[in-house]
>>> print(open('coords.cif').read())   # mmCIF, C-alpha atoms and all ligand atoms
data_data
loop_
_atom_site.label_atom_id
_atom_site.label_comp_id
_atom_site.auth_asym_id
_atom_site.auth_seq_id
_atom_site.Cartn_x
_atom_site.Cartn_y
_atom_site.Cartn_z
CA MET A 117 29.49 -13.72 13.43
CA ASN A 118 30.33 -14.19 17.12
CA LEU A 119 28.24 -16.43 19.33
CA LYS A 120 26.26 -13.57 20.89
CA ALA A 121 25.36 -12.04 17.50
CA TRP A 122 24.43 -15.47 16.16
CA LYS A 123 22.18 -16.15 19.16
CA THR A 124 20.49 -12.79 18.70
CA ALA A 125 19.90 -13.40 14.97
CA ALA A 126 18.62 -16.94 15.58
CA GLY A 127 16.43 -15.75 18.42
CA LEU A 128 14.87 -13.03 16.29
CA ALA A 129 14.22 -15.42 13.41
CA LEU A 130 12.32 -17.71 15.80
CA LYS A 131 10.55 -14.94 17.62
CA LYS A 132 6.91 -14.83 16.61
CA ALA A 133 5.83 -11.87 18.73
CA PRO A 134 5.68 -8.56 16.88
CA ARG A 135 9.08 -6.93 16.71
CA THR A 136 9.97 -3.46 17.85
CA SER A 137 11.84 -0.99 15.66
CA ASP A 138 15.15 -1.50 17.49
CA GLU A 139 15.09 -5.17 16.44
CA PHE A 140 15.68 -4.22 12.79
CA VAL A 141 18.99 -3.25 11.18
CA LYS A 142 17.17 -0.69 9.07
CA LEU A 143 13.54 -0.01 8.28
CA PRO A 144 12.06 1.33 5.05
CA GLY A 145 10.58 4.83 5.01
CA HIS A 146 7.86 3.90 2.53
CA VAL A 147 6.28 0.45 2.33
CA ALA A 148 3.82 -0.45 -0.44
CA ILE A 149 1.69 -3.58 -0.30
CA ILE A 150 -0.24 -5.34 -3.05
CA MET A 151 -2.73 -7.21 -0.89
CA ASP A 152 -3.28 -10.24 -3.12
CA GLY A 153 -4.79 -13.68 -2.60
CA ASN A 154 -8.23 -13.08 -1.11
CA GLY A 155 -9.90 -15.08 -3.90
CA ARG A 156 -7.61 -18.08 -3.47
CA TRP A 157 -8.05 -17.94 0.32
CA ALA A 158 -11.84 -18.07 -0.09
CA LYS A 159 -11.55 -20.98 -2.54
CA LYS A 160 -9.25 -22.87 -0.18
CA HIS A 161 -11.84 -22.51 2.58
CA ARG A 162 -14.75 -23.24 0.22
CA LEU A 163 -16.22 -19.83 0.88
CA ASN A 164 -17.69 -17.14 -1.32
CA VAL A 165 -15.06 -14.72 -2.65
CA SER A 166 -16.58 -11.85 -0.68
CA LYS A 167 -15.70 -13.73 2.54
CA GLY A 168 -12.10 -13.75 1.37
CA HIS A 169 -12.17 -10.00 0.92
CA ARG A 170 -13.76 -9.58 4.35
CA GLN A 171 -11.06 -11.69 5.97
CA GLY A 172 -8.47 -9.63 4.13
CA THR A 173 -9.90 -6.43 5.58
CA GLU A 174 -9.67 -7.90 9.10
CA ASN A 175 -5.99 -8.46 8.50
CA LEU A 176 -5.48 -4.90 7.34
CA ARG A 177 -6.03 -3.39 10.79
CA GLU A 178 -3.16 -5.35 12.34
CA ILE A 179 -0.78 -4.49 9.52
CA ILE A 180 -1.57 -0.76 9.71
CA ARG A 181 -1.19 -0.81 13.49
CA HIS A 182 2.17 -2.55 13.32
CA THR A 183 3.42 -0.15 10.63
CA ASP A 184 2.50 2.73 12.90
CA ASP A 185 4.07 1.10 15.97
CA LEU A 186 7.34 0.65 14.06
CA GLY A 187 7.41 4.33 13.15
CA ILE A 188 7.43 3.70 9.38
CA LYS A 189 6.54 7.01 7.70
CA VAL A 190 4.47 5.98 4.66
CA LEU A 191 2.30 2.93 3.91
CA SER A 192 0.64 2.53 0.50
CA LEU A 193 -1.99 -0.17 0.09
CA TYR A 194 -3.49 -1.41 -3.17
CA ALA A 195 -7.18 -1.91 -2.41
CA PHE A 196 -8.87 -1.70 -5.84
CA SER A 197 -7.31 -1.28 -9.26
CA THR A 198 -8.74 0.32 -12.40
CA GLU A 199 -8.71 -3.23 -13.83
CA ASN A 200 -10.73 -4.68 -10.93
CA TRP A 201 -13.93 -3.26 -12.49
CA ASN A 202 -13.67 -6.27 -14.82
CA ARG A 203 -14.83 -8.55 -11.99
CA SER A 204 -18.47 -9.56 -11.51
CA GLU A 205 -20.94 -6.96 -10.32
CA GLU A 206 -21.40 -8.99 -7.16
CA GLU A 207 -17.70 -9.02 -6.31
CA VAL A 208 -17.21 -5.33 -7.12
CA GLY A 209 -20.25 -4.59 -4.92
CA ALA A 210 -18.77 -6.58 -2.04
CA LEU A 211 -15.45 -4.75 -2.35
CA MET A 212 -17.17 -1.36 -2.43
CA GLN A 213 -19.17 -2.29 0.67
CA LEU A 214 -15.98 -3.29 2.51
CA ILE A 215 -14.29 -0.02 1.58
CA LEU A 216 -17.24 1.84 3.09
CA GLU A 217 -17.21 -0.30 6.25
CA PHE A 218 -13.46 -0.02 6.68
CA PHE A 219 -13.44 3.76 6.63
CA THR A 220 -16.55 4.06 8.79
CA THR A 221 -15.26 1.75 11.51
CA GLU A 222 -11.56 2.67 11.46
CA ILE A 223 -11.56 6.43 10.98
CA ASP A 224 -11.81 7.32 14.70
CA GLU A 225 -8.86 5.16 15.69
CA LEU A 226 -6.76 6.26 12.71
CA ASP A 227 -7.46 9.92 13.37
CA ALA A 228 -6.73 9.49 17.09
CA LYS A 229 -3.39 7.93 16.13
CA ASN A 230 -2.55 11.02 14.06
CA VAL A 231 -2.64 9.02 10.77
CA ARG A 232 -2.98 11.10 7.61
CA ILE A 233 -5.09 9.39 4.94
CA LEU A 234 -4.69 9.99 1.21
CA ILE A 235 -6.64 8.22 -1.51
CA LEU A 236 -4.62 7.35 -4.60
CA GLY A 237 -6.79 7.04 -7.70
CA ASP A 238 -9.76 8.61 -9.40
CA LYS A 239 -12.65 8.89 -6.96
CA GLY A 240 -14.88 10.10 -9.82
CA ARG A 241 -15.89 6.61 -10.91
CA LEU A 242 -16.83 5.42 -7.42
CA PRO A 243 -20.40 5.25 -6.11
CA GLU A 244 -21.38 8.48 -4.37
CA LYS A 245 -21.40 7.08 -0.82
CA GLN A 246 -17.87 5.70 -1.17
CA ARG A 247 -16.68 8.92 -2.76
CA GLU A 248 -18.02 10.98 0.13
CA VAL A 249 -16.60 8.72 2.84
CA LEU A 250 -13.17 8.73 1.23
CA LYS A 251 -13.17 12.51 0.79
CA GLU A 252 -14.30 12.93 4.38
CA ALA A 253 -11.47 10.67 5.66
CA GLU A 254 -8.91 12.71 3.73
CA LYS A 255 -10.31 16.00 4.93
CA ARG A 256 -10.64 14.93 8.55
CA THR A 257 -7.02 13.74 8.74
CA GLU A 258 -5.30 16.23 6.42
CA LYS A 259 -3.55 18.10 9.26
CA ASN A 260 -2.37 14.92 10.99
CA THR A 261 1.39 14.49 11.16
CA GLY A 262 1.85 10.78 11.91
CA LEU A 263 1.87 7.78 9.57
CA ARG A 264 0.92 8.67 6.00
CA LEU A 265 -1.57 6.05 4.89
CA ASN A 266 -2.17 5.94 1.14
CA ILE A 267 -5.05 3.76 0.03
CA ALA A 268 -5.29 3.09 -3.70
CA VAL A 269 -8.90 2.86 -4.80
CA ASN A 270 -9.74 2.84 -8.53
CA TYR A 271 -6.02 3.35 -8.99
CA GLY A 272 -3.93 2.62 -12.06
CA SER A 273 -0.37 3.82 -12.37
CA ARG A 274 -0.54 4.43 -16.11
CA ALA A 275 -3.69 6.53 -15.69
CA GLU A 276 -1.87 8.45 -12.94
CA ILE A 277 1.06 9.17 -15.28
CA VAL A 278 -1.35 10.25 -18.06
CA LYS A 279 -3.05 12.62 -15.61
CA ALA A 280 0.33 14.08 -14.58
CA THR A 281 1.32 14.54 -18.23
CA GLN A 282 -1.91 16.37 -19.01
CA GLU A 283 -1.45 18.70 -16.04
CA ILE A 284 2.14 19.49 -17.00
CA ALA A 285 1.19 20.01 -20.68
CA ALA A 286 -1.48 22.51 -19.56
CA LEU A 287 1.14 24.45 -17.56
CA VAL A 288 3.38 24.63 -20.63
CA LYS A 289 0.48 25.64 -22.83
CA ASN A 290 -0.48 28.47 -20.45
CA GLY A 291 3.11 29.67 -20.44
CA GLU A 292 3.55 28.90 -16.72
CA MET A 293 6.41 26.55 -17.48
CA GLN A 294 8.90 25.87 -20.29
CA ALA A 295 9.10 22.36 -21.77
CA GLU A 296 12.85 22.30 -21.00
CA GLU A 297 12.11 22.89 -17.32
CA ILE A 298 10.26 19.58 -16.94
CA ASN A 299 12.35 17.22 -14.84
CA GLU A 300 11.85 14.09 -12.76
CA LYS A 301 10.62 16.11 -9.81
CA THR A 302 8.01 17.85 -11.99
CA ILE A 303 6.52 14.44 -12.74
CA SER A 304 6.69 13.27 -9.10
CA ASP A 305 4.97 16.49 -8.06
CA HIS A 306 2.00 15.73 -10.30
CA LEU A 307 1.44 12.17 -9.10
CA TYR A 308 -1.05 11.38 -6.33
CA THR A 309 1.93 10.79 -4.05
CA ALA A 310 3.31 14.33 -4.57
CA GLY A 311 5.66 15.36 -1.79
CA GLN A 312 6.16 11.81 -0.51
CA PRO A 313 9.33 9.73 -0.69
CA ASP A 314 9.61 6.94 -3.31
CA VAL A 315 8.73 3.38 -2.30
CA ASP A 316 11.57 1.62 -0.45
CA LEU A 317 9.95 -1.77 0.00
CA MET A 318 7.24 -3.32 -2.18
CA ILE A 319 5.51 -6.41 -0.82
CA ARG A 320 3.13 -8.53 -2.88
CA THR A 321 1.51 -11.40 -1.03
CA SER A 322 0.24 -14.71 -2.46
CA GLY A 323 3.39 -15.55 -4.41
CA GLU A 324 2.48 -13.53 -7.53
CA GLN A 325 5.43 -11.53 -8.78
CA ARG A 326 4.12 -8.62 -10.80
CA LEU A 327 3.23 -4.97 -10.28
CA SER A 328 -0.28 -5.01 -11.81
CA ASN A 329 -0.11 -1.28 -12.57
CA PHE A 330 0.83 -0.17 -9.03
CA LEU A 331 3.12 2.84 -8.46
CA LEU A 332 5.32 2.31 -11.54
CA TYR A 333 7.15 5.63 -11.24
CA GLN A 334 7.47 5.56 -7.44
CA ASN A 335 8.89 2.00 -7.48
CA ALA A 336 11.90 2.83 -9.68
CA TYR A 337 14.41 1.77 -6.99
CA ALA A 338 12.21 -0.19 -4.61
CA GLU A 339 13.26 -3.52 -3.13
CA PHE A 340 10.73 -6.31 -3.78
CA VAL A 341 9.65 -9.09 -1.44
CA PHE A 342 7.11 -11.72 -2.48
CA PRO A 343 5.83 -13.68 0.53
CA GLU A 344 3.91 -16.87 -0.28
CA ALA A 345 1.12 -16.20 2.25
CA LEU A 346 -2.28 -15.29 0.85
CA TRP A 347 -3.29 -11.83 2.06
CA PRO A 348 -5.84 -12.99 4.71
CA ASP A 349 -3.12 -15.27 6.17
CA PHE A 350 -0.35 -12.66 6.00
CA SER A 351 0.54 -12.18 9.67
CA VAL A 352 2.45 -9.49 11.53
CA HIS A 353 5.24 -12.07 11.79
CA ASP A 354 5.29 -12.50 7.97
CA TYR A 355 5.41 -8.72 7.74
CA ASP A 356 8.37 -8.60 10.14
CA MET A 357 10.13 -11.21 7.98
CA ALA A 358 9.62 -9.05 4.86
CA LEU A 359 10.94 -6.00 6.72
CA ASP A 360 13.87 -8.03 7.92
CA ALA A 361 14.66 -9.14 4.35
CA TYR A 362 14.65 -5.48 3.34
CA GLY A 363 17.18 -4.71 6.08
CA ARG A 364 19.58 -7.24 4.56
CA ARG A 365 19.40 -5.83 1.03
CA ASP A 366 22.32 -3.88 -0.36
CA ARG A 367 20.84 -0.92 -2.23
CA ARG A 368 23.37 0.30 -4.75
CA TYR A 369 21.40 2.67 -7.01
CA GLY A 370 23.70 1.84 -9.87
CA GLY A 371 26.83 2.66 -7.85
CA ARG A 372 29.76 0.38 -7.03
C1 LIG A 401 -6.77 -9.19 -3.91
O1 LIG A 401 -7.24 -10.49 -3.89
C2 LIG A 401 -7.84 -8.18 -3.60
C3 LIG A 401 -8.27 -7.39 -4.74
C4 LIG A 401 -7.82 -7.50 -5.97
C5 LIG A 401 -9.30 -6.42 -4.49
P1 LIG A 401 -7.74 -11.23 -5.17
O2 LIG A 401 -9.23 -11.17 -5.21
O3 LIG A 401 -7.06 -10.73 -6.39
O4 LIG A 401 -7.29 -12.70 -4.85
P2 LIG A 401 -6.82 -13.82 -5.90
O5 LIG A 401 -5.65 -13.26 -6.64
O6 LIG A 401 -7.98 -14.09 -6.79
O7 LIG A 401 -6.47 -14.99 -5.04
C1 LIG A 402 -3.87 -6.27 -7.92
O1 LIG A 402 -4.29 -7.57 -7.77
C2 LIG A 402 -4.87 -5.32 -7.36
C3 LIG A 402 -5.08 -5.34 -5.92
C4 LIG A 402 -4.50 -6.12 -5.07
C5 LIG A 402 -6.03 -4.39 -5.43
P1 LIG A 402 -5.05 -8.38 -8.93
O2 LIG A 402 -5.29 -9.72 -8.39
O3 LIG A 402 -6.21 -7.59 -9.39
O4 LIG A 402 -3.96 -8.39 -10.09
P2 LIG A 402 -3.72 -9.44 -11.25
O5 LIG A 402 -5.01 -9.56 -11.99
O6 LIG A 402 -3.32 -10.71 -10.61
O7 LIG A 402 -2.61 -8.85 -12.06
MG MG A 403 -5.35 -11.36 -7.32
#
>>> encode(input="coords.cif", output="structure tokens", more="lines below")
Ligand code: IPE
Ligand code: IPE
Ligand code: MG
Amino acid sequence: MNLKAWKTAAGLALKKAPRTSDEFVKLPGHVAIIMDGNGRWAKKHRLNVSKGHRQGTENLREIIRHTDDLGIKVLSLYAFSTENWNRSEEEVGALMQLILEFFTTEIDELDAKNVRILILGDKGRLPEKQREVLKEAEKRTEKNTGLRLNIAVNYGSRAEIVKATQEIAALVKNGEMQAEEINEKTISDHLYTAGQPDVDLMIRTSGEQRLSNFLLYQNAYAEFVFPEALWPDFSVHDYDMALDAYGRRDRRYGGR
């Protein structure tokens, strides 16, 4: 590395202000984030867990904005898993309330920014109010052509694959398709993310290193980054560092 390149690299590493897209070697087309660590953040601050989730939601706005500013095409966020129903009624209630508030307060700005919202997961099990607000957000933004924002609510990847399998089996049963015609694209086309590119970069905050049933099929060749920051502390700068790490990865897809 010559002196000028070294200075640029060192300068960028130290730079805390949000980066612009031309400050990255390459950016992912699809970023997925498992927003983890709200509970530990609340504990660390001796607060009720719901305060941790609230702080996490505050953080979300900045991350979505920065994703949009960088021109990244797809952002998938894990907000509530099918397994999260196992938490206390109080915590589930707090999360449901935050989902409602988030969509109510953010929808105008997201729509104005041409963001297209898609909910990943089964809305059927959600309380009616939440179900309606989520459907409304999807409908209102369905013709938007900017950032594709996928929010996973009552989402489980295995359940998603089961649903896809059932749909495909029904097509075969009705004679609309032959079993031999089923290929990888057939399966992709029956996932919630139909028509979208696979995940390029998967980020899980809080130091945990597992998928927890998130986008198993779509993550087949994703690059993984596991920042230590708890989700409410995960800053735009931490995000830039994860994106920068992605830019330095050599994606080989099994090739030489
Ligand atoms: C992630 O934070 C948010 C949701 C699962 C909804 P957690 O609540 O899982 O936080 P930790 O893992 O307990 O710290
Ligand atoms: C995954 O986090 C789900 C979300 C972030 C919404 P969890 O905290 O629920 O996952 P586990 O229990 O650590 O695997
Ligand atoms: Mg967790």
>>> atom_distance(input="coords.cif", atom1="atom CA of A:Glu344", atom2="atom CA of A:Gly153")
9.6 Å
>>> residues_near_ligand(input="coords.cif", ligand="ligand LIG 402 (chain A)", cutoff="8 Å", atoms="only C-alpha atoms and all ligand atoms", output="JSON, numbers by chain")
{"A": [150, 151, 152, 153, 194, 195, 196, 197, 199, 200, 268, 269, 324, 326, 327, 328, 329, 330]}
>>> residues_around(input="coords.cif", residues="stretch 303-306 of chain A", least_positions_apart="4", cutoff="9 Å", atoms="all atoms listed in the file", output="PyMOL selection string")
chain A and resi 276-277+279-281+283-284+298-299+310-312+333-334
>>> residues_around(input="coords.cif", residues="A:Gly172", least_positions_apart="6", cutoff="12 Å", atoms="all atoms listed in the file", output="ChimeraX atom specification")
/A:150-158,165-166,178-179,195,211,214-215,218,321,345-351
>>> closest_residue(input="coords.cif", among="A:Leu143, A:Leu359, A:Leu263, A:Met212", to="ligand LIG 401 (chain A)", atoms="only C-alpha atoms and all ligand atoms")
A:Met212
>>> closest_residue(input="coords.cif", among="A:His161, A:Arg203, A:Glu225, A:Gly291", to="ligand MG 403 (chain A)", atoms="all atoms listed in the file")
A:Arg203
>>> residues_around(input="coords.cif", residues="A:Val231", least_positions_apart="2", cutoff="6 Å", atoms="only C-alpha atoms", output="PyMOL selection string")
chain A and resi 226-227+229+260+262-264
>>> write_last_selection(input="coords.cif", atoms="C-alpha atoms", output="PDB file, in the coordinates of the input")
ATOM      1  CA  LEU A 226      -6.760   6.260  12.710  1.00  0.00           C
ATOM      2  CA  ASP A 227      -7.460   9.920  13.370  1.00  0.00           C
ATOM      3  CA  LYS A 229      -3.390   7.930  16.130  1.00  0.00           C
ATOM      4  CA  ASN A 260      -2.370  14.920  10.990  1.00  0.00           C
ATOM      5  CA  GLY A 262       1.850  10.780  11.910  1.00  0.00           C
ATOM      6  CA  LEU A 263       1.870   7.780   9.570  1.00  0.00           C
ATOM      7  CA  ARG A 264       0.920   8.670   6.000  1.00  0.00           C
TER       8      ARG A 264
END
>>> closest_residue(input="coords.cif", among="A:Leu191, A:Met357, A:Val208, A:Ile267", to="A:Ile235", atoms="all atoms listed in the file")
A:Ile267
>>> closest_residue(input="coords.cif", among="A:Leu193, A:Val147, A:Leu287, A:Val278", to="ligand LIG 401 (chain A)", atoms="all atoms listed in the file")
A:Leu193
